[in-house]
$ cat target-v4.cif   # mmCIF, C-alpha atoms
data_final
loop_
_atom_site.label_atom_id
_atom_site.label_comp_id
_atom_site.auth_asym_id
_atom_site.auth_seq_id
_atom_site.Cartn_x
_atom_site.Cartn_y
_atom_site.Cartn_z
CA MET S 1 -125.44 136.41 -173.92
CA SER S 2 -124.20 132.81 -174.01
CA TYR S 3 -120.75 132.05 -175.38
CA GLN S 4 -122.47 130.14 -178.20
CA ASP S 5 -124.33 133.30 -179.23
CA ILE S 6 -121.11 135.33 -179.00
CA ASN S 7 -119.44 132.86 -181.35
CA SER S 8 -122.35 132.94 -183.79
CA GLU S 9 -122.24 136.72 -183.98
CA THR S 10 -118.45 136.73 -184.24
CA ILE S 11 -118.43 134.31 -187.16
CA ASP S 12 -121.15 136.31 -188.90
CA ARG S 13 -118.92 139.37 -188.59
CA TRP S 14 -115.84 137.48 -189.84
CA ILE S 15 -117.78 136.44 -192.94
CA ASP S 16 -118.66 140.06 -193.68
CA GLU S 17 -114.93 140.79 -193.40
CA GLY S 18 -114.00 138.06 -195.91
CA TRP S 19 -113.22 135.05 -193.66
CA GLU S 20 -111.82 132.28 -195.88
CA TRP S 21 -114.12 129.61 -194.41
CA GLY S 22 -117.17 131.67 -195.28
CA ILE S 23 -116.52 132.12 -199.01
CA PRO S 24 -118.79 129.83 -201.08
CA ILE S 25 -117.40 127.76 -203.92
CA THR S 26 -117.67 129.08 -207.46
CA HIS S 27 -119.97 127.81 -210.17
CA GLU S 28 -116.90 126.39 -211.94
CA THR S 29 -115.92 124.38 -208.86
CA TYR S 30 -119.46 123.02 -208.64
CA LEU S 31 -119.37 121.96 -212.30
CA LYS S 32 -116.08 120.12 -211.71
CA ALA S 33 -117.65 118.28 -208.78
CA LEU S 34 -120.53 117.21 -211.02
CA GLY S 35 -117.89 115.53 -213.16
CA GLY S 36 -116.26 113.85 -210.16
CA ASP S 37 -113.33 116.28 -209.90
CA PHE S 38 -113.36 117.55 -206.30
CA ASP S 39 -111.58 117.99 -203.01
CA VAL S 40 -112.95 118.94 -199.59
CA VAL S 41 -111.16 119.69 -196.33
CA LEU S 42 -111.80 119.00 -192.67
CA THR S 43 -108.67 120.93 -191.65
CA PRO S 44 -106.90 123.92 -193.24
CA VAL S 45 -104.66 122.30 -195.86
CA LYS S 46 -104.84 118.57 -196.53
CA PRO S 47 -107.77 117.32 -198.63
CA VAL S 48 -109.88 114.48 -197.26
CA PRO S 49 -109.03 111.12 -198.89
CA HIS S 50 -111.86 110.22 -201.26
CA SER S 51 -111.85 106.73 -199.75
CA TRP S 52 -113.06 108.23 -196.47
CA LEU S 53 -116.28 109.26 -198.20
CA GLY S 54 -116.77 106.34 -200.57
CA ASP S 55 -119.67 106.48 -203.00
CA ILE S 56 -122.03 109.01 -201.46
CA SER S 57 -124.65 109.05 -204.21
CA GLY S 58 -128.06 108.63 -202.57
CA LYS S 59 -126.58 108.71 -199.06
CA LYS S 60 -128.01 110.92 -196.33
CA LEU S 61 -125.21 113.27 -195.33
CA LEU S 62 -125.13 115.79 -192.48
CA GLY S 63 -122.71 118.72 -192.56
CA LEU S 64 -122.30 119.37 -188.84
CA ALA S 65 -121.17 122.97 -188.18
CA SER S 66 -120.31 122.88 -191.88
CA GLY S 67 -122.07 125.93 -193.30
CA GLY S 68 -120.50 128.37 -195.73
CA GLY S 69 -121.29 126.87 -199.10
CA GLN S 70 -117.97 125.07 -199.43
CA GLN S 71 -118.49 121.36 -198.78
CA MET S 72 -122.24 120.82 -199.05
CA PRO S 73 -122.45 121.95 -202.71
CA VAL S 74 -119.75 119.42 -203.59
CA PHE S 75 -121.58 116.62 -201.80
CA ALA S 76 -124.84 117.61 -203.48
CA ALA S 77 -123.09 117.53 -206.87
CA LEU S 78 -121.92 114.00 -206.04
CA GLY S 79 -125.51 112.92 -205.45
CA ALA S 80 -125.80 113.01 -201.65
CA ASP S 81 -129.04 113.93 -199.87
CA CYS S 82 -127.61 116.84 -197.85
CA THR S 83 -128.55 118.47 -194.57
CA VAL S 84 -126.43 121.24 -193.06
CA LEU S 85 -126.52 122.38 -189.44
CA ASP S 86 -124.78 125.54 -188.28
CA TYR S 87 -125.34 128.25 -185.68
CA SER S 88 -124.12 131.09 -187.91
CA ALA S 89 -126.94 132.69 -189.87
CA ARG S 90 -124.46 134.05 -192.42
CA GLN S 91 -122.93 130.61 -193.03
CA LEU S 92 -126.38 129.20 -193.65
CA GLU S 93 -127.29 132.06 -195.95
CA SER S 94 -124.32 131.08 -198.11
CA GLU S 95 -125.73 127.54 -198.28
CA ARG S 96 -129.08 128.92 -199.48
CA LEU S 97 -127.45 131.15 -202.09
CA VAL S 98 -125.33 128.37 -203.59
CA SER S 99 -128.19 125.85 -203.63
CA GLU S 100 -130.41 128.36 -205.42
CA ARG S 101 -127.65 129.25 -207.87
CA GLU S 102 -126.94 125.61 -208.75
CA GLY S 103 -130.48 124.27 -208.45
CA TYR S 104 -130.13 121.49 -205.87
CA LYS S 105 -132.10 120.82 -202.70
CA ILE S 106 -130.60 120.97 -199.23
CA ARG S 107 -132.15 120.94 -195.77
CA ILE S 108 -130.81 123.90 -193.78
CA VAL S 109 -130.99 123.85 -189.98
CA ARG S 110 -129.89 126.63 -187.65
CA ALA S 111 -129.10 125.03 -184.30
CA ASP S 112 -126.52 124.99 -181.51
CA MET S 113 -124.56 121.73 -181.58
CA THR S 114 -123.99 121.91 -177.81
CA LYS S 115 -127.67 121.00 -177.49
CA PRO S 116 -129.25 117.65 -178.52
CA LEU S 117 -129.20 117.50 -182.32
CA PRO S 118 -132.69 117.90 -183.88
CA PHE S 119 -132.58 114.63 -185.81
CA SER S 120 -133.93 111.12 -185.44
CA ASP S 121 -131.96 108.10 -184.31
CA CYS S 122 -130.06 106.39 -187.16
CA GLU S 123 -131.02 109.11 -189.67
CA PHE S 124 -127.71 109.67 -191.50
CA ASP S 125 -125.16 107.60 -193.40
CA ILE S 126 -122.35 110.17 -193.11
CA ILE S 127 -121.54 113.12 -190.83
CA PHE S 128 -118.98 115.62 -192.11
CA HIS S 129 -117.72 117.72 -189.17
CA PRO S 130 -114.94 120.21 -190.05
CA VAL S 131 -112.88 121.96 -187.36
CA SER S 132 -115.46 123.69 -185.19
CA ASN S 133 -115.52 122.06 -181.76
CA CYS S 134 -112.83 124.53 -180.69
CA TYR S 135 -115.84 126.87 -180.30
CA ILE S 136 -117.61 124.68 -177.73
CA GLU S 137 -116.65 123.86 -174.16
CA GLU S 138 -117.56 120.16 -174.07
CA VAL S 139 -117.05 117.90 -177.08
CA GLU S 140 -118.00 114.46 -175.83
CA PRO S 141 -121.78 115.13 -175.88
CA VAL S 142 -121.45 116.02 -179.57
CA PHE S 143 -119.83 112.68 -180.34
CA ARG S 144 -122.56 110.85 -178.43
CA GLU S 145 -125.19 112.67 -180.48
CA CYS S 146 -123.34 111.84 -183.71
CA PHE S 147 -123.34 108.18 -182.73
CA ARG S 148 -127.07 108.33 -182.03
CA ILE S 149 -128.09 109.87 -185.36
CA LEU S 150 -125.80 107.75 -187.56
CA LYS S 151 -127.03 104.51 -189.05
CA PRO S 152 -125.15 101.32 -188.17
CA GLY S 153 -122.07 101.32 -190.40
CA GLY S 154 -122.31 105.11 -190.74
CA ARG S 155 -119.20 107.28 -190.94
CA LEU S 156 -118.10 110.28 -188.89
CA LEU S 157 -115.44 112.46 -190.54
CA SER S 158 -114.08 115.03 -188.07
CA GLY S 159 -111.57 117.88 -188.13
CA LEU S 160 -110.05 118.49 -184.68
CA ASP S 161 -107.73 121.07 -183.10
CA ASN S 162 -104.92 119.44 -181.08
CA GLY S 163 -104.47 122.39 -178.69
CA VAL S 164 -101.14 123.72 -179.98
CA ASN S 165 -102.68 126.97 -181.20
CA TYR S 166 -103.89 127.74 -177.68
CA PHE S 167 -100.60 127.63 -175.76
CA VAL S 168 -98.64 129.84 -178.17
CA GLY S 169 -98.89 133.60 -178.54
CA GLU S 170 -100.21 135.53 -181.50
CA ASP S 171 -96.91 135.27 -183.40
CA GLU S 172 -96.81 131.50 -182.57
CA SER S 173 -93.13 131.69 -181.60
CA ARG S 174 -93.35 131.16 -177.81
CA ILE S 175 -95.50 129.51 -175.17
CA VAL S 176 -97.71 132.01 -173.34
CA ASN S 177 -100.69 130.00 -172.03
CA THR S 178 -101.23 126.95 -169.90
CA LEU S 179 -103.74 124.32 -170.92
CA PRO S 180 -106.62 123.75 -170.84
CA PHE S 181 -107.52 127.01 -172.55
CA ASN S 182 -110.98 127.85 -171.27
CA PRO S 183 -112.02 131.55 -171.19
CA LEU S 184 -115.13 130.68 -169.18
CA LYS S 185 -112.85 129.71 -166.30
CA ASN S 186 -109.93 132.07 -166.92
CA PRO S 187 -110.67 135.83 -167.03
CA GLU S 188 -107.31 136.64 -168.62
CA GLN S 189 -107.98 134.23 -171.47
CA MET S 190 -111.44 135.74 -171.95
CA LYS S 191 -109.90 139.22 -172.05
CA ALA S 192 -107.44 138.05 -174.73
CA MET S 193 -110.22 136.47 -176.80
CA ILE S 194 -112.35 139.62 -176.70
CA GLY S 195 -109.35 141.84 -177.44
CA SER S 196 -108.48 139.89 -180.57
CA ASP S 197 -112.10 139.49 -181.75
CA SER S 198 -111.71 135.71 -181.61
CA GLY S 199 -115.04 134.79 -180.11
CA VAL S 200 -114.82 132.29 -177.24
CA GLN S 201 -112.57 129.34 -178.05
CA PHE S 202 -111.46 126.27 -176.12
CA SER S 203 -108.60 123.79 -176.24
CA HIS S 204 -109.41 120.08 -176.08
CA THR S 205 -107.20 117.10 -175.37
CA LEU S 206 -106.90 114.01 -177.54
CA GLU S 207 -108.44 112.14 -174.63
CA GLU S 208 -111.55 114.28 -175.04
CA GLN S 209 -111.64 114.17 -178.82
CA ILE S 210 -110.45 110.72 -179.88
CA GLY S 211 -111.25 109.13 -176.54
CA GLY S 212 -114.65 110.81 -176.66
CA GLN S 213 -115.41 109.20 -180.00
CA LEU S 214 -114.34 105.79 -178.71
CA ARG S 215 -116.39 106.13 -175.53
CA ALA S 216 -119.39 107.11 -177.63
CA GLY S 217 -119.07 103.73 -179.36
CA PHE S 218 -117.19 104.59 -182.55
CA ILE S 219 -114.41 102.55 -184.08
CA LEU S 220 -111.46 104.70 -185.23
CA LYS S 221 -110.49 103.69 -188.77
CA ASP S 222 -107.97 106.32 -189.93
CA ILE S 223 -106.29 109.58 -188.96
CA TYR S 224 -104.01 112.26 -190.38
CA GLU S 225 -102.41 115.48 -189.11
CA ASP S 226 -102.38 118.95 -190.65
CA THR S 227 -100.91 122.42 -190.06
CA ASN S 228 -102.40 125.91 -189.88
CA GLY S 229 -101.55 126.51 -193.53
CA SER S 230 -99.56 129.67 -192.74
CA GLY S 231 -97.57 131.26 -189.92
CA PHE S 232 -94.63 130.24 -187.72
CA LEU S 233 -95.96 126.80 -186.76
CA HIS S 234 -96.78 125.95 -190.37
CA GLU S 235 -93.33 127.07 -191.51
CA HIS S 236 -91.82 124.63 -189.01
CA ASN S 237 -94.22 121.86 -190.09
CA ILE S 238 -95.76 121.61 -186.62
CA PRO S 239 -99.18 119.94 -186.77
CA SER S 240 -101.98 121.87 -185.10
CA TYR S 241 -104.93 119.83 -186.39
CA LEU S 242 -105.91 116.25 -187.01
CA ALA S 243 -108.69 114.58 -188.94
CA THR S 244 -110.34 111.31 -188.01
CA LEU S 245 -112.49 108.75 -189.76
CA SER S 246 -114.66 106.82 -187.34
CA VAL S 247 -117.41 104.25 -187.96
CA LYS S 248 -120.48 103.22 -186.00
CA PRO S 249 -120.43 99.42 -185.70
CA GLU S 250 -123.07 97.52 -187.67
#
$ encode --input "target-v4.cif" --output "structure tokens"
Amino acid sequence: MSYQDINSETIDRWIDEGWEWGIPITHETYLKALGGDFDVVLTPVKPVPHSWLGDISGKKLLGLASGGGQQMPVFAALGADCTVLDYSARQLESERLVSEREGYKIRIVRADMTKPLPFSDCEFDIIFHPVSNCYIEEVEPVFRECFRILKPGGRLLSGLDNGVNYFVGEDESRIVNTLPFNPLKNPEQMKAMIGSDSGVQFSHTLEEQIGGQLRAGFILKDIYEDTNGSGFLHEHNIPSYLATLSVKPE
């Protein structure tokens, strides 16, 4: 079984156990979004500035590894033409359930984002990509594919892990690992991942993540940092995530 399939099955299991990123929004939250009252996140805590999205009514928006029925229903309520791609069948099932409950259309695609994305060149106006590339070994090909499928002037909104979570132990109070964290190359790290039912996760440098966007051709427009939302690092206000707004030149 590939590590991508392991991660898909792991996330499906987490959802059955009540994983917070697999709980769809309520009908009440959807109604608020219809009235323009909304927030979405790329990282655990801080909401995305509304200016990063702009007016999305009528825009073609891709939720990349963004299943779960949390962000796409909001974007649909705001008038976007939504497509969601995810490799977790359970995350996509949540998208189907919410769209049927609220009566909007959404294109649902189950695919592995480590492979070429199944979309045409210049197809989308916006890509919304919450924290998820910690589950793939190489991130730069994803950014190149995002650049390809965005229209000129299109926006890429990304949530990124900065690597801090991978060099600390489970209680987050001391350094226990060296970086890069790559279980495919380190048997001890793979053993730890399997033992904690964490799927197969990877650390990535800012060179890979921000540099990868720049090398793909994007222009970086804005950035903010965020914490885990709970735990030792959060209590000490140590950022473990960042979000970026990047634009494909016109």
$ atom_distance --input "target-v4.cif" --atom1 "CA of Lys115 in chain S" --atom2 "CA of Ser8 in chain S"
14.5 Å
$ closest_residue --input "target-v4.cif" --among "S:Pro130, S:Gly195, S:Gly35, S:Pro249" --to "Lys221 in chain S" --atoms "only C-alpha atoms"
S:Pro249
$ resolve_selection --input "target-v4.cif" --expression "the PyMOL selection byres ((chain S and resi 64) around 7)" --output "PyMOL selection string"
chain S and resi 62-63+65-66+84-86+127-129
$ axis_aligned_box --input "target-v4.cif" --around "range 116-126 of chain S" --padding-each-side "6 Å" --output "JSON"
{"center_x": -128.1, "center_y": 112.1, "center_z": -186.0, "size_x": 23.6, "size_y": 23.5, "size_z": 26.9}
$ residues_around --input "target-v4.cif" --residues "Asn177 in chain S" --least-positions-apart "4" --cutoff "7 Å" --atoms "only C-alpha atoms" --output "VMD selection string"
chain S and resid 166 to 168
$ closest_residue --input "target-v4.cif" --among "S:Glu208, S:Asp37, S:Glu100, S:Glu20" --to "Phe143 in chain S" --atoms "all atoms listed in the file"
S:Glu208
$ atom_distance --input "target-v4.cif" --atom1 "CA of Glu145 in chain S" --atom2 "CA of Ile108 in chain S"
18.3 Å
$ closest_residue --input "target-v4.cif" --among "S:Thr114, S:Ser173, S:Thr227, S:Gln201" --to "Ile6 in chain S" --atoms "all atoms listed in the file"
S:Gln201
$ resolve_selection --input "target-v4.cif" --expression "the PyMOL selection byres ((chain S and resi 193) around 12)" --output "list in words"
Tyr3, Ile6, Asn7, Thr10, Tyr135, Tyr166, Gly169, Glu170, Phe181, Asn182, Pro183, Leu184, Asn186, Pro187, Glu188, Gln189, Met190, Lys191, Ala192, Ile194, Gly195, Ser196, Asp197, Ser198, Gly199, Val200, Gln201 and Phe202 of chain S
$ resolve_selection --input "target-v4.cif" --expression "the PyMOL selection byres ((chain S and resi 134) around 8)" --output "number ranges by chain"
S: 131-133, 135-137, 160-161, 201-204
$ residues_around --input "target-v4.cif" --residues "Ser246 in chain S" --least-positions-apart "2" --cutoff "8 Å" --atoms "only C-alpha atoms" --output "PyMOL selection string"
chain S and resi 155-157+213+218-222+244+248
$ atom_distance --input "target-v4.cif" --atom1 "CA of Leu92 in chain S" --atom2 "CA of Phe38 in chain S"
21.6 Å
$ residues_around --input "target-v4.cif" --residues "Gly22 in chain S" --least-positions-apart "2" --cutoff "12 Å" --atoms "only C-alpha atoms" --output "PyMOL selection string"
chain S and resi 11-20+24-25+65-71+88-95
$ closest_residue --input "target-v4.cif" --among "S:Arg144, S:Arg215, S:Lys151, S:Arg101" --to "Lys59 in chain S" --atoms "all atoms listed in the file"
S:Lys151
$ build_atoms --input "target-v4.cif" --residues "range 57-68 of chain S" --atoms "all heavy atoms" --output "CSV table (one decimal), keeping the file's coordinate frame"
chain,number,residue,atom,x,y,z
S,57,SER,N,-123.4,108.8,-203.4
S,57,SER,CA,-124.6,109.0,-204.2
S,57,SER,C,-125.8,108.4,-203.5
S,57,SER,O,-125.8,107.2,-203.2
S,57,SER,CB,-124.5,108.5,-205.6
S,57,SER,OG,-125.7,108.7,-206.4
S,58,GLY,N,-126.9,109.2,-203.2
S,58,GLY,CA,-128.1,108.6,-202.6
S,58,GLY,C,-127.9,108.5,-201.1
S,58,GLY,O,-128.9,108.2,-200.4
S,59,LYS,N,-126.8,108.8,-200.5
S,59,LYS,CA,-126.6,108.7,-199.1
S,59,LYS,C,-127.1,110.0,-198.4
S,59,LYS,O,-127.0,111.1,-198.9
S,59,LYS,CB,-125.1,108.5,-198.7
S,59,LYS,CG,-124.5,107.3,-199.3
S,59,LYS,CD,-125.0,106.0,-198.7
S,59,LYS,CE,-124.4,104.8,-199.2
S,59,LYS,NZ,-122.9,104.7,-199.0
S,60,LYS,N,-127.6,109.8,-197.1
S,60,LYS,CA,-128.0,110.9,-196.3
S,60,LYS,C,-126.8,111.5,-195.6
S,60,LYS,O,-126.2,110.7,-194.7
S,60,LYS,CB,-129.1,110.5,-195.4
S,60,LYS,CG,-130.4,110.1,-196.1
S,60,LYS,CD,-131.6,110.0,-195.2
S,60,LYS,CE,-132.0,111.4,-194.7
S,60,LYS,NZ,-133.3,111.4,-193.9
S,61,LEU,N,-126.4,112.7,-195.9
S,61,LEU,CA,-125.2,113.3,-195.3
S,61,LEU,C,-125.5,114.5,-194.5
S,61,LEU,O,-126.2,115.4,-195.0
S,61,LEU,CB,-124.2,113.6,-196.5
S,61,LEU,CG,-122.9,114.1,-196.1
S,61,LEU,CD1,-121.8,113.7,-197.2
S,61,LEU,CD2,-122.8,115.6,-196.0
S,62,LEU,N,-125.0,114.6,-193.3
S,62,LEU,CA,-125.1,115.8,-192.5
S,62,LEU,C,-123.8,116.6,-192.4
S,62,LEU,O,-122.8,116.0,-192.1
S,62,LEU,CB,-125.5,115.4,-191.1
S,62,LEU,CG,-125.5,116.5,-190.0
S,62,LEU,CD1,-126.5,117.6,-190.3
S,62,LEU,CD2,-125.7,116.0,-188.6
S,63,GLY,N,-123.8,117.8,-192.8
S,63,GLY,CA,-122.7,118.7,-192.6
S,63,GLY,C,-122.9,119.4,-191.2
S,63,GLY,O,-123.7,120.2,-191.0
S,64,LEU,N,-122.1,118.9,-190.2
S,64,LEU,CA,-122.3,119.4,-188.8
S,64,LEU,C,-121.4,120.5,-188.6
S,64,LEU,O,-120.1,120.4,-188.6
S,64,LEU,CB,-122.0,118.2,-187.9
S,64,LEU,CG,-122.1,118.6,-186.4
S,64,LEU,CD1,-123.5,119.0,-186.0
S,64,LEU,CD2,-121.7,117.3,-185.5
S,65,ALA,N,-121.9,121.7,-188.3
S,65,ALA,CA,-121.2,123.0,-188.2
S,65,ALA,C,-120.3,123.2,-189.4
S,65,ALA,O,-119.2,123.5,-189.4
S,65,ALA,CB,-120.3,122.9,-186.9
S,66,SER,N,-121.0,122.9,-190.6
S,66,SER,CA,-120.3,122.9,-191.9
S,66,SER,C,-120.9,123.8,-192.9
S,66,SER,O,-120.9,123.6,-194.1
S,66,SER,CB,-120.4,121.4,-192.4
S,66,SER,OG,-119.6,121.3,-193.5
S,67,GLY,N,-121.5,125.0,-192.4
S,67,GLY,CA,-122.1,125.9,-193.3
S,67,GLY,C,-121.0,126.7,-194.0
S,67,GLY,O,-119.8,126.6,-193.8
S,68,GLY,N,-121.4,127.5,-195.0
S,68,GLY,CA,-120.5,128.4,-195.7
S,68,GLY,C,-120.5,128.1,-197.2
S,68,GLY,O,-119.8,128.9,-198.0
